[in-house]
Each structure stands twice: as structure tokens, then as C-alpha cells.
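One structure is given here, and the rest of the page talks about it.
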Amino acid sequence: MDPDQQVQHSLRLLFETFRRTGSASATVKAFHNQALLFPRRIFGGPQKGDLVWGSLGHCQVLRILHNPRYAGAFVFGRHHVRKRADGPSKIIRVAQTDWDTLIPGAHAGYLCWEDYEENQRRLHESAQAAGGDRRRSPAREGPALLQGLLLCGRCGGRMTVRYHVRDGRLSPDYLCQREGIEHARPLCQHIPGHGIDEAMGRVLVEAVSPVALEIALTVQQELQSRWEEADRLRLKQVERAQYEADLARRRYMRVDPDNRLVADSLEADWNSKLRTLTDTQQERERQREQDRQVLSDDQRAAILALATDFPRLWHDPNTPDRERKRMIRLLVEDVTLNRAENIIMQIRFRGGVSKTLTVPLPLNAWQQRATNPEVVREIDRLLEQNTYSQIAAILNGRPLLSGGGKPFTPAIVARIRREYSLTTRYDRLRKAGMLTLHEMATLLQVTPRRIRIWHRHEILRGHAYTDKNECLYEHPGDNPPCKAQGTKLSQRSLPNQVASTPTHECSVKRSPSDWAISLVASPIPLLQLQSCSRTRQ
């Protein structure tokens with residue numbers, strides 16, 4: 001182990017972060033987000049053996065995780081040199097079973113041998129391009145909750161994820177396409193993932209609720225220890241910067257004042273170390289302030305409340321999909337899917353317990369946009385008495401929505417009427433014996449304009465069949481109206497009221513043609529008619 005305490009703390013934090021995240025990339029991001037530096041030794045050149053601090057790299061993390069010496073083992077023969085046919089040699093990495101020498105526990109290490117082997121297993125699962133099986137990949141940011149856990153129930157291969165946009169958000173599909181890619185064959189299985197993810201969430205909520213309190217305490221202790229460890233490491237950085245600043249000061253104070261060339265160089269080095277010390281102290285204070293904000297009493301209570309109620313934690317919209325995937329990986333080993341009349345899910349939990357679920361196949365796009373049958377029946381009923389715009393207003397007042405999730409409009413009502421082959425209002429009225437405008441005008445021997453005027457003054461009863469007030473008219477019966485009747489149209493309401501109106505009212509203004517017709521058709525005595533004529537003159 002390195003004698004430098006800060007180096008030891010940095011390495012222990014690296015292994016702890018990988019154990020928590022399960023990903024080398026996530027470990028690099030954790031160090032970057034907390035602005036933590038990582039040590040490395042210079043192995044060549046004039047500064048050989050010097051310890052330098054810089055940002056942590058992905059290759060550096062993988063090299064440390066794969067090195068068994070950090071687990072206290074003595075190893076020889078991890079790499080072999082092979083001579084190539086064209087002359088140069090190449091170095092190849094051999095499997096652990098082919099190492100020449102392996103002695104676990106030969107010296108003190110940063111982790112035990114069992115933890116080292118667990119890290120190798122997790123790295124193997126996370127290696128998406130390593131091996132033909134493509135084992136589970138680390139949890140990522142996409143909404144597919146079962147990413148990397150699915151097995152095909154037909155061929156046994158690993159299923160992959162494909163995303164598409166539906167209603168403005170990503171929706172996953174699970175595919176078994178290895179044979180299709182390798183041998184240009186059709187897809188083995190293609191299963192929409194939205195319903196499967198929802199079913200998996202319900203299973204986890206049912207399974208995890210009894211142990212929620214234990215999870216809450218573990219999460220809170222882990223967060224507290226993580227922040228304390230990071231703060232201790234930042235304190236080591238401050239102490240190192242303080243030591244280097246003091247060392248530069250002592251060097252400057254011991255130099256001969258007359259030797260200005262050396263004194264100026266040492267003074268510049270001292271100023272640089274002081275600036276580094278100031279920056280390190282400020283960075284530590286800034287990170288501690290952020291940690292204090294995260295660890296406030298209110299937020300600690302909120303974390304405890306969420307963790308003690310796993311269903312709330314799972315359904316909380318602020319919970320990232322990546323964290324939900326990590327929750328699933330803590331409980332589930334893998335899931336096998338088989339698509340038939342329904343989707344069969346065989347869930348294998350960690351520890352050997354399994355559970356089988358049957359999920360109905362999702363509806364096609366046209367089925368999802370289909371109008372509710374009850375709404376269709378209601379439109380069919382409303383067509384007896386209403387036009388399209390009236391039906392849309394009635395349905396929106398309930399309120400009801402169309403198959404596309406939108407409010408009703410006359411155009412949507414007309415489209416539903418066509419798609420479901422409902423009888424039009426025009427045909428319904430014709431079937432009830434209604435007459436068209438021209439048929440009514442021919443029957444009464446008047447112009448169509450006269451029919452409209454009588455309808456407007458309720459002398460004739462009409463029923464609109466369009467939103468443009470196009471009507472079909474009821475048969476006038478045995479007492480049809482005629483334009484020889486002498487009362488004002490505004491004073492008439494229905495045909496049966498015409499007979500009760502006095503036909504000798506002289507104040508009615510009529511045209512000469514109307515008087516001529518009245519002279520022939522009216523039963524008024526001739527003397528009364530002449531009297532009315534003299535009075536009018």
C-alpha cells in the first residue's frame with residue numbers, strides 16, 4: 001500500500017464508488033462532479049517516481065479495477081508476449097486460469113479477494129461488446145426499465161432495446177434481433193415495452209414494501225458516509241497544498257538574498273503554491289456548503305419519507321429512470337419474454353425465486369385511437385334530434401373525449417358517423433316521412449321562398465339536418481297553409497290557429513294581387529268587403 005494517506009483514501013473511494021455505481025464511467029463522473037483529483041506516478045523521464053494529481057480517466061479506472069495487486073494478491077503471467085509472423089512481437093492478455101502465478105493475500109490490499117472477483121464479474125456484465133452473449137449492461141438514462149435483463153423465450157438470446165417517439169415522449173420496444181443481424185433473418189420477437197415495464201413496476205412495489213424501512217436506513221447511512229468520505233479526501237488535498245506552500249516558503253526563506261536568480265524563482269514557486277492552497281480551500285468549502293444543503297433536516301426527512309414508502313419512491317416523477325433500473329437490478333436476475341396470444345413474463349429474482357405474469361398484448365395504433373363504443377352509441381342516439389354541432393356541444397358538456405383524446409368538433413362527429421356507418425340525420429328524417437323543400441313547395445303550389453318564410457314564422461314545422469339550417473319539413477296534414485290567408489305572418493304560429501283568426505280584419509295591408517285572390521277565395525260577404533274597400537281608400 002502507498003505510504004501516502006491521501007493516495008490510500010483516493011483508491012478506497014474509487015473502489016467504494018464502483019461498488020455503489022457498478023460502472024467505470026459512473027465512477028469517473030462521480031469524481032468529476034465532486035471535483036476530486038486522483039494520483040498517478042510518473043514512470044519515466046526526469047521526474048520518474050514523482051506523484052502528480054489530476055483528473056480521473058476511464059482507462060485509469062479500468063486498469064486499477066482489473067489489477068489484482070490492489071486486492072493484496074501476488075500475480076505473475078497476466079500478459080504473454082507472442083512473436084508475430086511478420087517479425088514484431090505483441091502482448092496479449094491471458095485468462096486468469098492461465099496465469100503463471102497467483103497468490104491471494106500475499107500483502108495488504110485495498111479490498112479483499114472476494115470483492116475483486118465480484119468487480120470482475122460486474123465488469124464482464126457491463127462489457128457490451130465483450131463476448132457473444134452481451135451480458136447485462138449498466139443502468140443508463142433511457143426509460144426502458146428492463147434494459148439488459150431480458151431473455152428471448154423462443155431462442156434464449158439477449159433482447160435489445162429500440163426507442164420511438166409516441167405522444168412526445170420516448171417509448172421502448174424490446175427486440176430479439178441477433179439472428180436477424182448476423183444472418184439477415186426476420187426478427188425473432190418484437191414486443192412493445194410500455195405495458196411490460198408497468199407490470200414489472202407493480203411486481204416490485206408488491207415485493208419490496210415489507211422491507212422499505214430497512215432500505216431507508218441503509219440509503220441514509222450510505223449517503224452520509226459517502227459525503228463524509230469525500231470531505232475527508234478534500235481535507236487531505238488541503239493539507240497537501242498547505243504542506244507544499246510551507247515547503248516553498250522555507251526554501252525561499254533559506255535562499256541567499258543576493259542570489260536574485262534563485263530567489264525570484266523560489267518566490268514565484270511560493271506564490272504558485274499559495275494560489276493552489278487558496279483554490280483548494282475554497283473548493284472544499286464550496287463542496288461542503290453543497291453537502292450541507294443536501295443534508296439539511298428537511299431534505300433528510302424527505303429522503304426518509306420517500307424511502308420508507310417504496311411505492312411513492314417508485315412512482316415519484318422526480319425519480320430518474322436510471323435509479324429505477326438500479327432498483328430492479330438489486331432484486332431481479334433476469335426476465336424471459338415470450339409473445340403468443342398474450343405476453344408471458346417469467347421473472348427470476350435474486351435468490352432463485354421466480355414468478356410468471358401474463359400481460360395482454362398492447363392495442364394497435366388504430367385500436368388505441370378508436371372511439372369508445374359508448375360514445376358511438378350516444379352519437380347514434382343524438383342524431384335523432386341534433387345536428388353535428390349540437391352533438392359536439394352536448395358531448396363536450398359531459399365532458400367526453402374522442403378516440404384521439406381531443407374535444408369533439410362537428411368534423412370529428414361527422415368522421416365518427418362515417419367510420420361507424422351510422423345512419424345520417426337526413427336519412428332518418430326521410431324515413432320518418434319528412435319532405436324536402438322542393439317537395440313541400442310542389443305540394444302547396446308555392447315557391448321555395450314562401451316555404452322558408454312559413455317555416456321561419458312557424459306556420460310549417462321543419463327539422464334541420466345540417467349546421468347550415470337545411471331542413472326537411474313535416475307534412476302539413478289536412479289543413480295546409482295557403483298564401484290567400486289574410487293575417488300577418490308574425491301573428492300566426494301554427495296551421496290550426498289560422499282558422500281562429502278573424503278573416504275580416506280591415507287593418508291588414510295587402511297587395512292588390514292578394515285582394516284579388518281574397519275576393520275569390522274568402523267567404524266574407526260582398527257588402528263587408530266593399531265597406532272595407534271604401535274605408536281603406
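Every chain in the C-alpha cells has a letter given in the order shown (A, B, ...), and although residue numbers restart at 1 in each chain, ligands are simply numbered from 1 in the order shown.
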Residues of segment 36-185 of chain A in strand (DSSP E or B), written as an MDAnalysis selection string: chainID A and resid 38:41 51:54 74:76 79:83 89:93 101:103 150:152 158 160:166 169:176
Could I get the residues of segment 301-342 of chain A with an atom no further than 9 Å from an atom of segment 154-169 of chain A, each paired with its nearest atom pair and that distance in Å to one decimal, using only C-alpha atoms, sorted by chain and residue number, as CSV?
```
residue,atom,partner,partner_atom,distance
A:Thr336,CA,A:Gly156,CA,8.3
A:Leu337,CA,A:Arg154,CA,8.3
A:Asn338,CA,A:Arg154,CA,6.6
A:Arg339,CA,A:Arg154,CA,8.8
```
Minimum-distance residue to Asp4 of chain A, chosen among A:Arg122, A:Val81, A:Lys236, A:Tyr252 (using only C-alpha atoms): A:Lys236
Surrounding residues of segment 346-353 of chain A excluding itself and chain neighbours under 3 positions, 9 Å, only C-alpha atoms, as a PyMOL selection string: chain A and resi 153+200+329-338+356-358
Every residue of segment 320-406 of chain A that DSSP places in alpha helix (DSSP H), as a PyMOL selection string: chain A and resi 321-331+365-368+373-382+388-396
Minimum-distance residue to Arg234 of chain A, chosen among A:Leu277, A:Ile64, A:Ala432, A:Ala95 (using only C-alpha atoms):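 Once distances to Arg234 of chain A are computed over only C-alpha atoms, the minimum belongs to A:Leu277.
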Interatomic distance, atom CA of Asp316 of chain A to atom CA of Gln224 of chain A (Å, one decimal):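 Separation between atom CA of Asp316 of chain A and atom CA of Gln224 of chain A: 22.4 Å.
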Residues within 9 Å of Leu235 of chain A, only C-alpha atoms, excluding chain neighbours under 5 positions, as a PyMOL selection string: chain A and resi 230+240+280-281+284
Could I get the residues of segment 271-390 of chain A with an atom no further than 12 Å from an atom of segment 253-266 of chain A, each paired with its nearest atom pair and that distance in Å to one decimal, using only C-alpha atoms, sorted by chain and residue number, as JSON lines?
```
{"residue": "A:Asn271", "atom": "CA", "partner": "A:Leu266", "partner_atom": "CA", "distance": 8.7}
{"residue": "A:Ser272", "atom": "CA", "partner": "A:Leu266", "partner_atom": "CA", "distance": 9.8}
{"residue": "A:Lys273", "atom": "CA", "partner": "A:Leu266", "partner_atom": "CA", "distance": 10.5}
```
Write the residues of the preceding selection, restricted to N, CA and C atoms, as a PDB file, in the first residue's frame.
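Contents of the output file again.pdb:
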```pdb
ATOM      1  N   ASN A 271       4.511  31.656  -4.502  1.00  0.00           N
ATOM      2  CA  ASN A 271       3.235  32.294  -4.856  1.00  0.00           C
ATOM      3  C   ASN A 271       2.295  31.312  -5.551  1.00  0.00           C
ATOM      4  N   SER A 272       2.866  30.461  -6.400  1.00  0.00           N
ATOM      5  CA  SER A 272       2.027  29.463  -7.088  1.00  0.00           C
ATOM      6  C   SER A 272       1.419  28.476  -6.090  1.00  0.00           C
ATOM      7  N   LYS A 273       2.225  28.051  -5.113  1.00  0.00           N
ATOM      8  CA  LYS A 273       1.704  27.115  -4.111  1.00  0.00           C
ATOM      9  C   LYS A 273       0.638  27.767  -3.246  1.00  0.00           C
TER      10      LYS A 273
END
```
Proximity to Leu145 of chain A - best of A:Pro320, A:Gly54, A:Pro3, A:Pro186, only C-alpha atoms: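 Once distances to Leu145 of chain A are computed over only C-alpha atoms, the minimum belongs to A:Pro320.
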